[in-house]
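Input: a single structure, listed below in structure tokens.
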Amino acid sequence: MNRVVDPVMSRGKMVRMRFKALRSGVWFKALNTVERSMVNLAIRVVEKGVRSSLLARLMAGIIDKLKEATESRLLRMALKIGLPLARKLSGIAQSWGNKSASQWTDDPGFIRFLTIVKMNMPKAGER
């Protein structure tokens with residue numbers, strides 16, 4: 001029986017993710033021993049891609065974990081803090097008649113700016 005190989009779970013992708021995680025120092029922090037062993041074993045055994053749907057699901061979870069761990073903190077905060085602020089400010093500015101404000105939510109520089117300003121604001125009660 002010849003199954004279709006999932007190109008998303010290719011050996012090359014697993015090797016690249018392991019290399020990136022090792023270089024960024026999250027390989028040992030983000031994954032436990034079993035997860036690291038699974039990735040290492042899959043890299044050794046899999047030739048073209050993962051055929052087992054169970055293994056593909058497990059590897060996808062591990063790869064997602066590594067992606068999140070290697071993602072920059074500023075990018076995570078920009079998506080969590082900066083983008084909602086940009087949407088809110090854009091809506092307010094548009095309600096005041098600023099037509100170009102609709103583009104603010106697509107401007108990564110503006111979103112980063114709002115993120116950094118929000119991250120550096122003192123919390124209530126701090127001075």
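Going by the structure tokens order, chains are called A, B, ..., each with residues numbered from 1, while ligands are numbered from 1 in the order shown.
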- request: Just the residues within 7 Å of segment 68-79 of chain A, please, counting only C-alpha atoms, with nothing from its chain fewer than 3 positions along; format it as a list in words.
  value: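 These residues fall inside the cut-off: Ala21, Ser24, Val26, Ala30, Asp64, Lys65, Gly82, Leu83, Ile111, Arg112 and Thr115 of chain A.
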message: For the strand (DSSP E or B) assignment from backbone DSSP, which residues of segment 5-104 of chain A qualify? Please present them as a count of residues only.
response: 7
query: Which of chain A counts as helix (DSSP H, G or I) under DSSP, as number ranges by chain please?
result: A: 11-24, 27-30, 33-45, 53-70, 73-95, 99-106, 108-119
For C-alpha atoms, I'd like the residues from the last selection saved as a compact mmCIF listing (two decimals), in the first residue's frame.
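again.txt, written as the output of this step:
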```txt
# COMPACT_ATOMS: atom_id res chain seq x y z
CA ARG A 11 12.86 15.22 7.10
CA GLY A 12 14.34 18.53 5.96
CA LYS A 13 11.77 20.53 7.90
CA MET A 14 12.45 18.55 11.06
CA VAL A 15 16.23 19.02 10.66
CA ARG A 16 15.82 22.78 10.10
CA MET A 17 13.59 23.17 13.14
CA ARG A 18 16.02 21.20 15.33
CA PHE A 19 18.96 23.30 14.09
CA LYS A 20 17.08 26.56 14.67
CA ALA A 21 15.99 25.46 18.16
CA LEU A 22 19.54 24.45 19.08
CA ARG A 23 20.98 27.73 17.77
CA SER A 24 18.42 29.83 19.64
CA TRP A 27 15.84 22.90 22.24
CA PHE A 28 16.36 21.81 25.84
CA LYS A 29 14.03 24.41 27.39
CA ALA A 30 10.95 23.91 25.22
CA THR A 33 13.48 14.29 26.81
CA VAL A 34 10.78 12.20 25.12
CA GLU A 35 9.93 14.94 22.60
CA ARG A 36 13.61 15.52 21.75
CA SER A 37 14.10 11.78 21.32
CA MET A 38 11.06 11.55 19.03
CA VAL A 39 12.38 14.29 16.77
CA ASN A 40 15.88 12.80 16.67
CA LEU A 41 14.52 9.33 15.92
CA ALA A 42 12.12 10.59 13.26
CA ILE A 43 14.97 12.45 11.55
CA ARG A 44 17.03 9.23 11.48
CA VAL A 45 14.24 6.94 10.33
CA SER A 53 -0.98 10.04 10.72
CA LEU A 54 -0.34 9.50 14.43
CA LEU A 55 3.36 10.35 14.11
CA ALA A 56 2.51 13.32 11.89
CA ARG A 57 0.16 14.70 14.56
CA LEU A 58 2.73 14.20 17.31
CA MET A 59 5.50 15.79 15.24
CA ALA A 60 3.22 18.70 14.29
CA GLY A 61 2.63 19.40 17.98
CA ILE A 62 6.34 19.32 18.72
CA ILE A 63 7.18 21.54 15.74
CA ASP A 64 4.48 24.02 16.81
CA LYS A 65 6.01 24.07 20.28
CA LEU A 66 9.44 24.81 18.79
CA LYS A 67 8.06 27.51 16.48
CA GLU A 68 6.44 29.28 19.40
CA ALA A 69 9.60 29.01 21.50
CA THR A 70 11.87 30.34 18.73
CA ARG A 73 9.15 37.96 22.13
CA LEU A 74 8.51 41.27 20.35
CA LEU A 75 6.62 39.51 17.55
CA ARG A 76 4.45 37.60 20.06
CA MET A 77 3.75 40.81 21.97
CA ALA A 78 3.03 42.71 18.76
CA LEU A 79 0.34 40.20 17.84
CA LYS A 80 -1.06 40.14 21.37
CA ILE A 81 -0.82 43.84 22.28
CA GLY A 82 0.16 46.02 19.31
CA LEU A 83 -2.29 44.74 16.71
CA PRO A 84 -5.39 45.13 18.91
CA LEU A 85 -4.24 48.64 19.88
CA ALA A 86 -3.68 49.53 16.23
CA ARG A 87 -7.18 48.29 15.38
CA LYS A 88 -8.70 50.31 18.20
CA LEU A 89 -6.83 53.50 17.33
CA SER A 90 -7.57 53.00 13.64
CA GLY A 91 -11.30 52.69 14.37
CA ILE A 92 -11.28 55.84 16.50
CA ALA A 93 -9.36 57.83 13.87
CA GLN A 94 -11.68 56.61 11.12
CA SER A 95 -14.73 57.63 13.14
CA LYS A 99 -9.60 57.91 5.82
CA SER A 100 -5.94 56.83 5.81
CA ALA A 101 -6.28 55.38 9.32
CA SER A 102 -7.65 52.16 7.79
CA GLN A 103 -4.07 51.34 6.73
CA TRP A 104 -2.65 51.56 10.26
CA THR A 105 -3.49 47.94 11.05
CA ASP A 106 -1.35 46.83 8.09
CA PRO A 108 4.19 46.65 11.00
CA GLY A 109 6.22 49.68 12.11
CA PHE A 110 3.19 51.29 13.75
CA ILE A 111 2.23 48.01 15.42
CA ARG A 112 5.78 47.56 16.78
CA PHE A 113 5.77 51.17 17.99
CA LEU A 114 2.51 50.68 19.89
CA THR A 115 3.80 47.40 21.34
CA ILE A 116 7.02 48.95 22.63
CA VAL A 117 5.21 51.97 24.07
CA LYS A 118 2.70 49.71 25.86
CA MET A 119 5.44 47.39 27.16
```
